[in-house]
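Shown next: work29.cif, given as mmCIF, C-alpha atoms and all ligand atoms.
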```
data_model
#
loop_
_atom_site.group_PDB
_atom_site.id
_atom_site.type_symbol
_atom_site.label_atom_id
_atom_site.label_comp_id
_atom_site.auth_asym_id
_atom_site.auth_seq_id
_atom_site.Cartn_x
_atom_site.Cartn_y
_atom_site.Cartn_z
ATOM 1 C CA MET W 1 -20.524 0.296 -6.181
ATOM 2 C CA ALA W 2 -17.340 1.462 -4.505
ATOM 3 C CA LEU W 3 -14.075 -0.261 -5.329
ATOM 4 C CA LEU W 4 -13.275 -0.561 -1.632
ATOM 5 C CA ASP W 5 -15.620 0.177 1.202
ATOM 6 C CA ILE W 6 -14.329 -0.245 4.722
ATOM 7 C CA GLU W 7 -17.178 0.125 7.155
ATOM 8 C CA ASN W 8 -16.870 0.365 10.923
ATOM 9 C CA LEU W 9 -13.823 -1.910 10.980
ATOM 10 C CA GLY W 10 -12.858 -3.023 14.456
ATOM 11 C CA LEU W 11 -9.731 -5.079 15.107
ATOM 12 C CA ALA W 12 -8.369 -6.415 18.374
ATOM 13 C CA MET W 13 -4.931 -7.971 18.824
ATOM 14 C CA THR W 14 -3.902 -10.406 21.519
ATOM 15 C CA SER W 15 -0.472 -10.239 23.057
ATOM 16 C CA PHE W 16 0.934 -11.641 26.296
ATOM 17 C CA GLU W 17 -0.786 -8.732 28.045
ATOM 18 C CA GLY W 18 -4.198 -9.772 26.783
ATOM 19 C CA GLU W 19 -6.476 -8.472 24.067
ATOM 20 C CA THR W 20 -6.275 -4.821 23.019
ATOM 21 C CA GLN W 21 -8.646 -3.014 20.707
ATOM 22 C CA ILE W 22 -6.428 -1.564 17.951
ATOM 23 C CA LEU W 23 -8.841 -0.288 15.297
ATOM 24 C CA HIS W 24 -11.920 1.497 16.604
ATOM 25 C CA GLY W 25 -14.419 1.586 13.752
ATOM 26 C CA ILE W 26 -12.583 2.609 10.590
ATOM 27 C CA ASP W 27 -14.754 3.999 7.777
ATOM 28 C CA LEU W 28 -13.069 4.566 4.423
ATOM 29 C CA THR W 29 -14.358 4.382 0.865
ATOM 30 C CA ILE W 30 -12.015 4.309 -2.113
ATOM 31 C CA GLU W 31 -13.383 4.794 -5.611
ATOM 32 C CA ARG W 32 -11.574 4.032 -8.838
ATOM 33 C CA GLY W 33 -9.269 6.858 -9.855
ATOM 34 C CA GLU W 34 -8.642 7.875 -6.251
ATOM 35 C CA ILE W 35 -5.286 7.782 -4.500
ATOM 36 C CA TRP W 36 -5.846 7.862 -0.767
ATOM 37 C CA GLY W 37 -2.967 8.848 1.418
ATOM 38 C CA MET W 38 -3.109 7.509 4.953
ATOM 39 C CA VAL W 39 -1.012 9.403 7.460
ATOM 40 C CA GLY W 40 -0.602 9.367 11.209
ATOM 41 C CA GLU W 41 1.952 8.706 13.905
ATOM 42 C CA THR W 42 3.670 5.372 14.410
ATOM 43 C CA GLY W 43 1.361 2.886 16.094
ATOM 44 C CA SER W 44 -1.858 4.607 15.000
ATOM 45 C CA GLY W 45 -2.996 1.520 13.077
ATOM 46 C CA LYS W 46 -2.115 2.349 9.471
ATOM 47 C CA SER W 47 -0.314 -0.895 8.685
ATOM 48 C CA LEU W 48 -2.926 -3.038 10.391
ATOM 49 C CA THR W 49 -5.614 -1.313 8.311
ATOM 50 C CA GLY W 50 -3.712 -2.131 5.098
ATOM 51 C CA LEU W 51 -3.037 -5.675 6.242
ATOM 52 C CA SER W 52 -6.727 -6.108 7.091
ATOM 53 C CA VAL W 53 -7.751 -5.307 3.524
ATOM 54 C CA SER W 54 -5.261 -7.907 2.302
ATOM 55 C CA ARG W 55 -6.475 -10.265 5.044
ATOM 56 C CA LEU W 56 -2.891 -10.875 6.088
ATOM 57 C CA ILE W 57 -3.395 -10.695 9.845
ATOM 58 C CA PRO W 58 -3.421 -14.193 11.290
ATOM 59 C CA SER W 59 -6.112 -15.069 13.792
ATOM 60 C CA PRO W 60 -4.939 -15.295 16.522
ATOM 61 C CA PRO W 61 -3.500 -12.805 17.387
ATOM 62 C CA GLY W 62 -5.941 -10.732 15.313
ATOM 63 C CA ARG W 63 -9.708 -10.717 15.756
ATOM 64 C CA TYR W 64 -12.152 -8.545 13.840
ATOM 65 C CA THR W 65 -14.608 -7.165 16.340
ATOM 66 C CA SER W 66 -16.904 -5.312 13.942
ATOM 67 C CA GLY W 67 -17.514 -4.140 10.435
ATOM 68 C CA ALA W 68 -16.961 -5.128 6.834
ATOM 69 C CA ILE W 69 -14.352 -4.632 4.130
ATOM 70 C CA ARG W 70 -16.155 -4.724 0.804
ATOM 71 C CA PHE W 71 -14.136 -5.075 -2.372
ATOM 72 C CA GLU W 72 -16.530 -4.446 -5.254
ATOM 73 C CA GLY W 73 -19.305 -5.460 -2.909
ATOM 74 C CA GLN W 74 -17.698 -8.697 -1.673
ATOM 75 C CA ASP W 75 -16.990 -8.686 2.064
ATOM 76 C CA LEU W 76 -13.377 -9.751 2.428
ATOM 77 C CA LEU W 77 -13.858 -10.456 6.119
ATOM 78 C CA GLN W 78 -16.154 -13.306 5.046
ATOM 79 C CA ALA W 79 -13.886 -14.555 2.234
ATOM 80 C CA ASP W 80 -11.953 -17.794 2.680
ATOM 81 C CA GLU W 81 -8.229 -18.134 2.045
ATOM 82 C CA PRO W 82 -8.517 -19.597 -1.500
ATOM 83 C CA ALA W 83 -10.744 -16.654 -2.477
ATOM 84 C CA MET W 84 -8.243 -14.218 -0.978
ATOM 85 C CA ARG W 85 -5.390 -15.912 -2.819
ATOM 86 C CA ARG W 86 -7.212 -15.354 -6.085
ATOM 87 C CA LEU W 87 -7.607 -11.660 -5.284
ATOM 88 C CA ARG W 88 -4.096 -10.978 -3.983
ATOM 89 C CA GLY W 89 -1.571 -10.113 -6.625
ATOM 90 C CA ARG W 90 -4.163 -9.968 -9.366
ATOM 91 C CA ARG W 91 -7.038 -7.748 -8.208
ATOM 92 C CA ILE W 92 -5.378 -6.416 -5.080
ATOM 93 C CA GLY W 93 -1.697 -5.516 -5.294
ATOM 94 C CA MET W 94 0.265 -5.049 -2.100
ATOM 95 C CA ILE W 95 3.549 -3.503 -1.115
ATOM 96 C CA PHE W 96 4.482 -3.863 2.521
ATOM 97 C CA GLN W 97 7.255 -2.489 4.651
ATOM 98 C CA ASP W 98 9.523 -5.450 5.161
ATOM 99 C CA PRO W 99 10.941 -6.719 1.855
ATOM 100 C CA THR W 100 12.602 -9.769 3.374
ATOM 101 C CA THR W 101 9.240 -11.308 4.146
ATOM 102 C CA ASN W 102 7.885 -10.904 0.656
ATOM 103 C CA LEU W 103 10.381 -12.306 -1.843
ATOM 104 C CA ASN W 104 10.939 -16.032 -1.929
ATOM 105 C CA PRO W 105 14.691 -16.566 -1.444
ATOM 106 C CA ALA W 106 14.617 -19.826 -3.418
ATOM 107 C CA PHE W 107 13.577 -18.344 -6.759
ATOM 108 C CA ARG W 108 15.094 -15.859 -9.158
ATOM 109 C CA VAL W 109 13.331 -12.493 -8.991
ATOM 110 C CA GLY W 110 12.431 -12.847 -12.688
ATOM 111 C CA THR W 111 10.628 -16.124 -12.058
ATOM 112 C CA GLN W 112 8.627 -14.508 -9.274
ATOM 113 C CA LEU W 113 7.697 -11.503 -11.406
ATOM 114 C CA VAL W 114 6.784 -13.636 -14.418
ATOM 115 C CA ASP W 115 4.611 -15.863 -12.211
ATOM 116 C CA VAL W 116 2.545 -12.918 -11.040
ATOM 117 C CA ALA W 117 2.276 -11.521 -14.581
ATOM 118 C CA LEU W 118 1.220 -14.911 -15.947
ATOM 119 C CA HIS W 119 -1.329 -15.434 -13.216
ATOM 120 C CA ALA W 120 -2.885 -12.067 -14.056
ATOM 121 C CA GLY W 121 -2.530 -12.526 -17.836
ATOM 122 C CA ARG W 122 -4.295 -15.892 -17.818
ATOM 123 C CA ALA W 123 -7.295 -14.350 -16.130
ATOM 124 C CA ASP W 124 -7.240 -11.231 -18.302
ATOM 125 C CA PRO W 125 -4.862 -11.191 -21.293
ATOM 126 C CA SER W 126 -5.390 -7.443 -21.723
ATOM 127 C CA VAL W 127 -3.208 -6.975 -18.630
ATOM 128 C CA LEU W 128 -0.315 -8.120 -20.823
ATOM 129 C CA GLY W 129 -1.560 -6.232 -23.866
ATOM 130 C CA LEU W 130 -2.903 -9.394 -25.510
ATOM 131 C CA ALA W 131 -6.247 -10.186 -27.096
ATOM 132 C CA PRO W 132 -8.675 -12.634 -25.440
ATOM 133 C CA GLY W 133 -7.766 -16.265 -26.128
ATOM 134 C CA ALA W 134 -4.029 -15.594 -26.469
ATOM 135 C CA SER W 135 -1.952 -18.782 -26.585
ATOM 136 C CA ALA W 136 0.040 -20.053 -23.630
ATOM 137 C CA ARG W 137 3.220 -19.260 -25.527
ATOM 138 C CA ALA W 138 2.177 -15.713 -26.272
ATOM 139 C CA LEU W 139 1.242 -15.221 -22.611
ATOM 140 C CA LYS W 140 4.597 -16.494 -21.427
ATOM 141 C CA ALA W 141 6.555 -14.305 -23.835
ATOM 142 C CA ALA W 142 4.498 -11.245 -22.911
ATOM 143 C CA ALA W 143 4.885 -11.962 -19.196
ATOM 144 C CA LYS W 144 8.659 -12.158 -19.574
ATOM 145 C CA ALA W 145 8.796 -8.939 -21.564
ATOM 146 C CA ARG W 146 6.572 -7.240 -18.986
ATOM 147 C CA ALA W 147 8.843 -8.383 -16.150
ATOM 148 C CA VAL W 148 11.876 -6.779 -17.780
ATOM 149 C CA GLU W 149 9.891 -3.642 -18.579
ATOM 150 C CA MET W 150 8.630 -3.320 -14.996
ATOM 151 C CA LEU W 151 12.126 -3.653 -13.540
ATOM 152 C CA ASP W 152 13.227 -0.919 -15.890
ATOM 153 C CA HIS W 153 10.265 1.245 -14.787
ATOM 154 C CA VAL W 154 11.239 0.979 -11.128
ATOM 155 C CA GLY W 155 14.746 2.127 -11.935
ATOM 156 C CA ILE W 156 16.706 -1.118 -11.989
ATOM 157 C CA THR W 157 19.566 -0.951 -14.457
ATOM 158 C CA ASN W 158 20.287 -3.904 -16.752
ATOM 159 C CA PRO W 159 16.854 -5.377 -16.070
ATOM 160 C CA ALA W 160 17.341 -8.195 -18.582
ATOM 161 C CA GLU W 161 20.273 -9.460 -16.504
ATOM 162 C CA ARG W 162 18.908 -8.512 -13.085
ATOM 163 C CA ILE W 163 15.914 -10.688 -13.719
ATOM 164 C CA ARG W 164 18.184 -13.710 -13.253
ATOM 165 C CA SER W 165 19.273 -12.608 -9.766
ATOM 166 C CA TYR W 166 18.221 -14.278 -6.563
ATOM 167 C CA PRO W 167 16.855 -11.991 -3.818
ATOM 168 C CA HIS W 168 20.020 -12.335 -1.701
ATOM 169 C CA GLU W 169 22.049 -10.873 -4.552
ATOM 170 C CA LEU W 170 20.106 -7.605 -4.384
ATOM 171 C CA SER W 171 20.460 -4.695 -2.005
ATOM 172 C CA GLY W 172 17.545 -3.778 0.273
ATOM 173 C CA GLY W 173 16.572 -0.875 -1.971
ATOM 174 C CA MET W 174 16.615 -3.063 -5.055
ATOM 175 C CA LYS W 175 14.510 -5.723 -3.355
ATOM 176 C CA GLN W 176 11.994 -3.050 -2.444
ATOM 177 C CA ARG W 177 11.856 -1.951 -6.075
ATOM 178 C CA VAL W 178 11.340 -5.537 -7.226
ATOM 179 C CA LEU W 179 8.432 -5.787 -4.786
ATOM 180 C CA ILE W 180 6.930 -2.588 -6.126
ATOM 181 C CA ALA W 181 7.277 -3.974 -9.661
ATOM 182 C CA MET W 182 5.638 -7.192 -8.499
ATOM 183 C CA ALA W 183 2.706 -5.376 -6.916
ATOM 184 C CA MET W 184 2.017 -3.441 -10.116
ATOM 185 C CA ILE W 185 2.868 -6.018 -12.776
ATOM 186 C CA GLY W 186 -0.528 -7.700 -12.643
ATOM 187 C CA LYS W 187 -2.228 -4.310 -13.018
ATOM 188 C CA PRO W 188 -4.393 -4.743 -9.939
ATOM 189 C CA ASP W 189 -7.618 -2.805 -9.448
ATOM 190 C CA LEU W 190 -6.626 -1.825 -5.943
ATOM 191 C CA LEU W 191 -3.096 -1.150 -4.790
ATOM 192 C CA ILE W 192 -2.194 -1.051 -1.116
ATOM 193 C CA ALA W 193 1.224 0.369 -0.479
ATOM 194 C CA ASP W 194 2.647 0.711 3.020
ATOM 195 C CA GLU W 195 5.558 3.178 3.070
ATOM 196 C CA PRO W 196 6.654 1.812 -0.309
ATOM 197 C CA THR W 197 9.357 4.347 -1.019
ATOM 198 C CA THR W 198 10.534 5.351 2.441
ATOM 199 C CA ALA W 199 13.833 3.476 2.147
ATOM 200 C CA LEU W 200 14.555 4.663 -1.391
ATOM 201 C CA ASP W 201 16.404 7.738 -2.495
ATOM 202 C CA VAL W 202 14.456 10.744 -3.657
ATOM 203 C CA SER W 203 14.868 10.331 -7.426
ATOM 204 C CA VAL W 204 13.792 6.683 -7.377
ATOM 205 C CA GLN W 205 10.932 7.628 -5.072
ATOM 206 C CA ALA W 206 9.726 10.219 -7.577
ATOM 207 C CA GLN W 207 10.009 7.714 -10.411
ATOM 208 C CA ILE W 208 7.931 5.152 -8.527
ATOM 209 C CA LEU W 209 5.280 7.678 -7.560
ATOM 210 C CA ARG W 210 4.992 8.679 -11.216
ATOM 211 C CA LEU W 211 4.593 5.018 -12.137
ATOM 212 C CA MET W 212 1.845 4.620 -9.562
ATOM 213 C CA HIS W 213 0.139 7.724 -10.849
ATOM 214 C CA ALA W 214 0.323 6.446 -14.441
ATOM 215 C CA LEU W 215 -1.195 3.113 -13.410
ATOM 216 C CA VAL W 216 -4.101 4.912 -11.756
ATOM 217 C CA HIS W 217 -4.799 6.791 -14.958
ATOM 218 C CA GLU W 218 -4.200 3.926 -17.358
ATOM 219 C CA ARG W 219 -6.346 1.337 -15.534
ATOM 220 C CA ASP W 220 -8.559 3.568 -13.409
ATOM 221 C CA ILE W 221 -7.467 1.788 -10.251
ATOM 222 C CA GLY W 222 -7.700 2.858 -6.631
ATOM 223 C CA VAL W 223 -4.747 3.223 -4.273
ATOM 224 C CA LEU W 224 -4.305 3.242 -0.514
ATOM 225 C CA LEU W 225 -0.910 4.786 0.090
ATOM 226 C CA ILE W 226 0.294 4.641 3.673
ATOM 227 C CA THR W 227 3.012 7.184 4.248
ATOM 228 C CA HIS W 228 4.409 9.497 6.872
ATOM 229 C CA ASN W 229 5.398 11.933 4.144
ATOM 230 C CA LEU W 230 2.845 14.710 3.674
ATOM 231 C CA GLY W 231 4.885 15.995 0.744
ATOM 232 C CA VAL W 232 4.141 12.735 -1.064
ATOM 233 C CA VAL W 233 0.470 13.096 -0.132
ATOM 234 C CA ALA W 234 0.328 16.635 -1.493
ATOM 235 C CA GLN W 235 2.075 15.514 -4.678
ATOM 236 C CA ILE W 236 0.117 12.481 -5.783
ATOM 237 C CA CYS W 237 -2.859 11.812 -3.551
ATOM 238 C CA THR W 238 -6.382 12.873 -4.372
ATOM 239 C CA HIS W 239 -7.608 12.209 -0.828
ATOM 240 C CA VAL W 240 -6.151 11.830 2.597
ATOM 241 C CA ALA W 241 -7.162 10.116 5.833
ATOM 242 C CA VAL W 242 -5.484 11.087 9.084
ATOM 243 C CA MET W 243 -5.174 8.254 11.592
ATOM 244 C CA PHE W 244 -4.822 8.742 15.312
ATOM 245 C CA ARG W 245 -4.904 5.940 17.855
ATOM 246 C CA GLY W 246 -6.869 3.486 15.754
ATOM 247 C CA ARG W 247 -9.370 6.012 14.435
ATOM 248 C CA ILE W 248 -9.644 8.187 11.370
ATOM 249 C CA LEU W 249 -9.575 11.719 12.764
ATOM 250 C CA GLU W 250 -10.418 13.385 9.500
ATOM 251 C CA LYS W 251 -10.527 12.581 5.822
ATOM 252 C CA GLY W 252 -11.418 14.109 2.509
ATOM 253 C CA PRO W 253 -10.020 15.618 -0.673
ATOM 254 C CA VAL W 254 -6.348 16.310 -0.150
ATOM 255 C CA ARG W 255 -6.540 20.040 -0.808
ATOM 256 C CA ALA W 256 -9.375 20.620 1.602
ATOM 257 C CA VAL W 257 -7.750 18.663 4.421
ATOM 258 C CA LEU W 258 -4.284 20.130 3.978
ATOM 259 C CA LYS W 259 -5.584 23.656 3.573
ATOM 260 C CA HIS W 260 -8.171 23.662 6.306
ATOM 261 C CA PRO W 261 -7.311 20.907 8.761
ATOM 262 C CA SER W 262 -10.086 20.642 11.322
ATOM 263 C CA HIS W 263 -8.150 18.773 13.985
ATOM 264 C CA ALA W 264 -5.289 20.008 16.103
ATOM 265 C CA TYR W 265 -3.469 16.762 15.379
ATOM 266 C CA THR W 266 -3.619 17.293 11.620
ATOM 267 C CA LYS W 267 -2.378 20.853 12.087
ATOM 268 C CA ALA W 268 0.492 19.512 14.153
ATOM 269 C CA LEU W 269 1.324 17.000 11.430
ATOM 270 C CA LEU W 270 1.383 19.784 8.872
ATOM 271 C CA ASP W 271 3.538 21.964 11.093
ATOM 272 C CA ALA W 272 6.048 19.137 11.364
ATOM 273 C CA VAL W 273 6.613 19.033 7.596
ATOM 274 C CA PRO W 274 9.976 20.528 6.730
ATOM 275 C CA ARG W 275 9.476 23.462 4.394
ATOM 276 C CA ALA W 276 12.035 25.018 2.125
ATOM 277 C CA HIS W 277 12.060 28.240 4.096
ATOM 278 C CA THR W 278 12.372 26.545 7.460
ATOM 279 C CA LYS W 279 15.763 27.123 8.977
ATOM 280 C CA ARG W 280 17.760 24.320 10.474
ATOM 281 C CA GLY W 281 16.819 23.776 14.078
ATOM 282 C CA GLU W 282 13.405 25.309 13.619
ATOM 283 C CA LEU W 283 11.699 22.061 12.710
ATOM 284 C CA ARG W 284 8.855 21.311 14.992
ATOM 285 C CA GLY W 285 8.347 17.717 15.991
ATOM 286 C CA LEU W 286 5.121 16.288 17.288
ATOM 287 C CA GLY W 287 6.609 15.614 20.692
ATOM 288 C CA GLY W 288 5.380 18.818 22.261
ATOM 289 C CA ILE W 289 1.820 18.526 21.055
ATOM 290 C CA ASP W 290 -0.821 17.640 23.571
ATOM 291 C CA MET W 291 -2.240 14.491 22.004
ATOM 292 C CA GLU W 292 -5.245 14.351 24.298
ATOM 293 C CA ALA W 293 -6.271 17.820 23.147
ATOM 294 C CA ALA W 294 -6.143 16.605 19.558
ATOM 295 C CA GLU W 295 -8.809 13.954 20.142
HETATM 296 N N1 LIG J 1 1.139 -8.540 16.206
HETATM 297 C C1 LIG J 1 0.694 -7.600 17.044
HETATM 298 N N2 LIG J 1 0.249 -7.921 18.274
HETATM 299 C C2 LIG J 1 -0.201 -6.984 19.127
HETATM 300 N N3 LIG J 1 -0.265 -5.679 18.841
HETATM 301 C C3 LIG J 1 0.172 -5.284 17.634
HETATM 302 C C4 LIG J 1 0.665 -6.218 16.666
HETATM 303 N N4 LIG J 1 1.030 -5.532 15.555
HETATM 304 C C5 LIG J 1 0.769 -4.241 15.830
HETATM 305 N N5 LIG J 1 0.258 -4.079 17.060
HETATM 306 C C6 LIG J 1 -0.142 -2.810 17.679
HETATM 307 O O1 LIG J 1 -1.144 -2.199 16.904
HETATM 308 C C7 LIG J 1 -0.974 -0.804 16.851
HETATM 309 C C8 LIG J 1 -1.006 -0.339 15.428
HETATM 310 O O2 LIG J 1 0.106 -0.857 14.732
HETATM 311 P P1 LIG J 1 0.403 -0.489 13.225
HETATM 312 O O3 LIG J 1 -0.815 -0.702 12.404
HETATM 313 O O4 LIG J 1 1.616 -1.270 12.831
HETATM 314 O O5 LIG J 1 0.724 1.070 13.301
HETATM 315 P P2 LIG J 1 1.328 2.049 12.191
HETATM 316 O O6 LIG J 1 1.479 1.305 10.911
HETATM 317 O O7 LIG J 1 0.376 3.194 12.124
HETATM 318 O O8 LIG J 1 2.648 2.495 12.744
HETATM 319 C C9 LIG J 1 0.324 -0.514 17.577
HETATM 320 O O9 LIG J 1 0.011 -0.006 18.840
HETATM 321 C C10 LIG J 1 1.003 -1.839 17.684
HETATM 322 O O10 LIG J 1 1.739 -1.911 18.874
HETATM 323 MG MG MG J 2 3.162 0.903 9.825
#
```
In structure tokens, write the structure found in this file.
Amino acid sequence: MALLDIENLGLAMTSFEGETQILHGIDLTIERGEIWGMVGETGSGKSLTGLSVSRLIPSPPGRYTSGAIRFEGQDLLQADEPAMRRLRGRRIGMIFQDPTTNLNPAFRVGTQLVDVALHAGRADPSVLGLAPGASARALKAAAKARAVEMLDHVGITNPAERIRSYPHELSGGMKQRVLIAMAMIGKPDLLIADEPTTALDVSVQAQILRLMHALVHERDIGVLLITHNLGVVAQICTHVAVMFRGRILEKGPVRAVLKHPSHAYTKALLDAVPRAHTKRGELRGLGGIDMEAAE
């Protein structure tokens, strides 16, 4: 059974202009051990695909018009909110674009990290490196230690002190790193990350991608990594899906797709990647590409 199986997913969104079909039958299967990169221009439906898996699109304005999203066989589109709450954070980790919406301003970041770690550790003590039946005290101590360790892993200096900070005391980049730590601390089986490192500088980005990679190997998890950065895809993804106007244009093992792109749009995306030998001013954008021809 696949870890995640998105089948013919259709999503419509209502705005003041009426209802618009946004996702037109998305098919995507993610197995354990796979890191799927999802690329495509702004507005192609990448974020709404990730949010659908997390069931974080309110209805209205969202309405699923077709399909299923099976997580280990369970259709998330049929799951109720309590069931989703049990999955989020523990089985399904999420990192989304806007950090301000994700950290609770009223609690210290340490408290929020420890909560997630405890929640996961109670269900499966091995997440915190403990044996089954570990005591409440042991769980709490391990969760605290894990919180400090995770902050260190995402490149936050003085993690033991930082853990006492409130979100407003952290810079945007630091908040983003705390969120990444929070998404991974419960060692989820599926990680959905929407442009997780875009706002971070290159060295921190590399550190976080390594961490993600290590988690995939350690726990045999699956990842959906939404990014506009094909360099990141080439570096850590095993597979890639190219989105265009609410559809997956092409998908497959990363090497095959990047080496022999079958769609003009994918070729255009690849051409737009800055290469070391490209001279300043020679970068090609996507603006001049005939998008209709790519369909
Ligand atoms: N709340 C919303 N209401 C109506 N349309 C939306 C809403 N959110 C996103 N959309 C539309 O859905 C499309 C896909 O958005 P999104 O998934 O955010 O794209 P991406 O992440 O690929 O940039 C866009 O055309 C966007 O305008
Ligand atoms: Mg997006």
Compile a residue-level contact table for region 38-107 of chain W against region 113-127 of chain W at a cut-off of 12 Å, reporting for every qualifying residue the shortest atom pair and its distance in Å to one decimal, with all atoms listed in the file counted, rows ordered by chain and ascending number, as a tab-separated table.
```
residue	atom	partner	partner_atom	distance
W:Arg85	CA	W:His119	CA	11.2
W:Arg86	CA	W:His119	CA	9.2
W:Leu87	CA	W:Ala120	CA	10.0
W:Arg88	CA	W:Val116	CA	9.9
W:Gly89	CA	W:Val116	CA	6.7
W:Arg90	CA	W:Ala120	CA	5.3
W:Arg91	CA	W:Ala120	CA	8.4
W:Ile92	CA	W:Ala120	CA	10.9
W:Gly93	CA	W:Val116	CA	10.3
W:Leu103	CA	W:Leu113	CA	10.0
W:Asn104	CA	W:Leu113	CA	11.0
W:Phe107	CA	W:Leu113	CA	10.1
```
| If the PyMOL selection byres (((chain W and resi 46) around 12) and not hetatm) is run on the structure shown, which residues does it catch, given as a PyMOL selection string? | chain W and resi 22-23+26+37-45+47-53+96-97+192-195+224-228+241-248
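Taking CA of Cys237 (chain W) and CA of Leu191 (chain W) as endpoints, the distance between them is 13.0 Å.
The residue that comes closest to ligand MG 2 (chain J), out of W:Leu76, W:Leu258, W:Ile95, W:Leu4 and on the basis of only C-alpha atoms and all ligand atoms, is W:Ile95.
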Check what the PyMOL selection byres (((chain W and resi 203-218) around 9) and not hetatm) selects in the file above and give those residues as a tab-separated table (two decimals) with C-alpha atoms, in the coordinates of the input.
```tsv
chain	number	residue	atom	x	y	z
W	32	ARG	CA	-11.57	4.03	-8.84
W	33	GLY	CA	-9.27	6.86	-9.86
W	34	GLU	CA	-8.64	7.88	-6.25
W	35	ILE	CA	-5.29	7.78	-4.50
W	153	HIS	CA	10.26	1.25	-14.79
W	154	VAL	CA	11.24	0.98	-11.13
W	155	GLY	CA	14.75	2.13	-11.94
W	177	ARG	CA	11.86	-1.95	-6.08
W	180	ILE	CA	6.93	-2.59	-6.13
W	184	MET	CA	2.02	-3.44	-10.12
W	187	LYS	CA	-2.23	-4.31	-13.02
W	189	ASP	CA	-7.62	-2.80	-9.45
W	191	LEU	CA	-3.10	-1.15	-4.79
W	196	PRO	CA	6.65	1.81	-0.31
W	197	THR	CA	9.36	4.35	-1.02
W	198	THR	CA	10.53	5.35	2.44
W	199	ALA	CA	13.83	3.48	2.15
W	200	LEU	CA	14.56	4.66	-1.39
W	201	ASP	CA	16.40	7.74	-2.50
W	202	VAL	CA	14.46	10.74	-3.66
W	219	ARG	CA	-6.35	1.34	-15.53
W	220	ASP	CA	-8.56	3.57	-13.41
W	221	ILE	CA	-7.47	1.79	-10.25
W	222	GLY	CA	-7.70	2.86	-6.63
W	223	VAL	CA	-4.75	3.22	-4.27
W	232	VAL	CA	4.14	12.74	-1.06
W	235	GLN	CA	2.08	15.51	-4.68
W	236	ILE	CA	0.12	12.48	-5.78
W	237	CYS	CA	-2.86	11.81	-3.55
```
Provide region 10-22 of chain W rebuilt to N, CA and C atoms, formatted as a PDB file, keeping the file's coordinate frame.
```
ATOM      1  N   GLY W  10     -13.453  -2.901  13.128  1.00  0.00           N
ATOM      2  CA  GLY W  10     -12.858  -3.023  14.456  1.00  0.00           C
ATOM      3  C   GLY W  10     -11.908  -4.211  14.477  1.00  0.00           C
ATOM      4  N   LEU W  11     -10.721  -3.995  15.028  1.00  0.00           N
ATOM      5  CA  LEU W  11      -9.731  -5.079  15.107  1.00  0.00           C
ATOM      6  C   LEU W  11      -9.108  -5.083  16.493  1.00  0.00           C
ATOM      7  N   ALA W  12      -9.063  -6.262  17.092  1.00  0.00           N
ATOM      8  CA  ALA W  12      -8.369  -6.415  18.374  1.00  0.00           C
ATOM      9  C   ALA W  12      -7.197  -7.356  18.176  1.00  0.00           C
ATOM     10  N   MET W  13      -6.110  -7.118  18.906  1.00  0.00           N
ATOM     11  CA  MET W  13      -4.931  -7.971  18.824  1.00  0.00           C
ATOM     12  C   MET W  13      -4.635  -8.519  20.218  1.00  0.00           C
ATOM     13  N   THR W  14      -4.258  -9.796  20.243  1.00  0.00           N
ATOM     14  CA  THR W  14      -3.902 -10.406  21.519  1.00  0.00           C
ATOM     15  C   THR W  14      -2.387 -10.481  21.644  1.00  0.00           C
ATOM     16  N   SER W  15      -1.888 -10.046  22.759  1.00  0.00           N
ATOM     17  CA  SER W  15      -0.472 -10.239  23.057  1.00  0.00           C
ATOM     18  C   SER W  15      -0.397 -10.865  24.443  1.00  0.00           C
ATOM     19  N   PHE W  16       0.817 -11.003  24.976  1.00  0.00           N
ATOM     20  CA  PHE W  16       0.934 -11.641  26.296  1.00  0.00           C
ATOM     21  C   PHE W  16       0.209 -10.834  27.376  1.00  0.00           C
ATOM     22  N   GLU W  17      -0.080  -9.571  27.072  1.00  0.00           N
ATOM     23  CA  GLU W  17      -0.786  -8.732  28.045  1.00  0.00           C
ATOM     24  C   GLU W  17      -2.303  -8.869  27.945  1.00  0.00           C
ATOM     25  N   GLY W  18      -2.759  -9.640  26.971  1.00  0.00           N
ATOM     26  CA  GLY W  18      -4.198  -9.772  26.783  1.00  0.00           C
ATOM     27  C   GLY W  18      -4.643  -9.112  25.492  1.00  0.00           C
ATOM     28  N   GLU W  19      -5.966  -9.014  25.324  1.00  0.00           N
ATOM     29  CA  GLU W  19      -6.476  -8.472  24.067  1.00  0.00           C
ATOM     30  C   GLU W  19      -6.620  -6.950  24.134  1.00  0.00           C
ATOM     31  N   THR W  20      -6.161  -6.283  23.096  1.00  0.00           N
ATOM     32  CA  THR W  20      -6.275  -4.821  23.019  1.00  0.00           C
ATOM     33  C   THR W  20      -7.027  -4.447  21.754  1.00  0.00           C
ATOM     34  N   GLN W  21      -7.952  -3.528  21.887  1.00  0.00           N
ATOM     35  CA  GLN W  21      -8.646  -3.014  20.707  1.00  0.00           C
ATOM     36  C   GLN W  21      -7.688  -2.072  19.974  1.00  0.00           C
ATOM     37  N   ILE W  22      -7.399  -2.366  18.705  1.00  0.00           N
ATOM     38  CA  ILE W  22      -6.428  -1.564  17.951  1.00  0.00           C
ATOM     39  C   ILE W  22      -7.150  -0.611  16.990  1.00  0.00           C
TER      40      ILE W  22
END
```
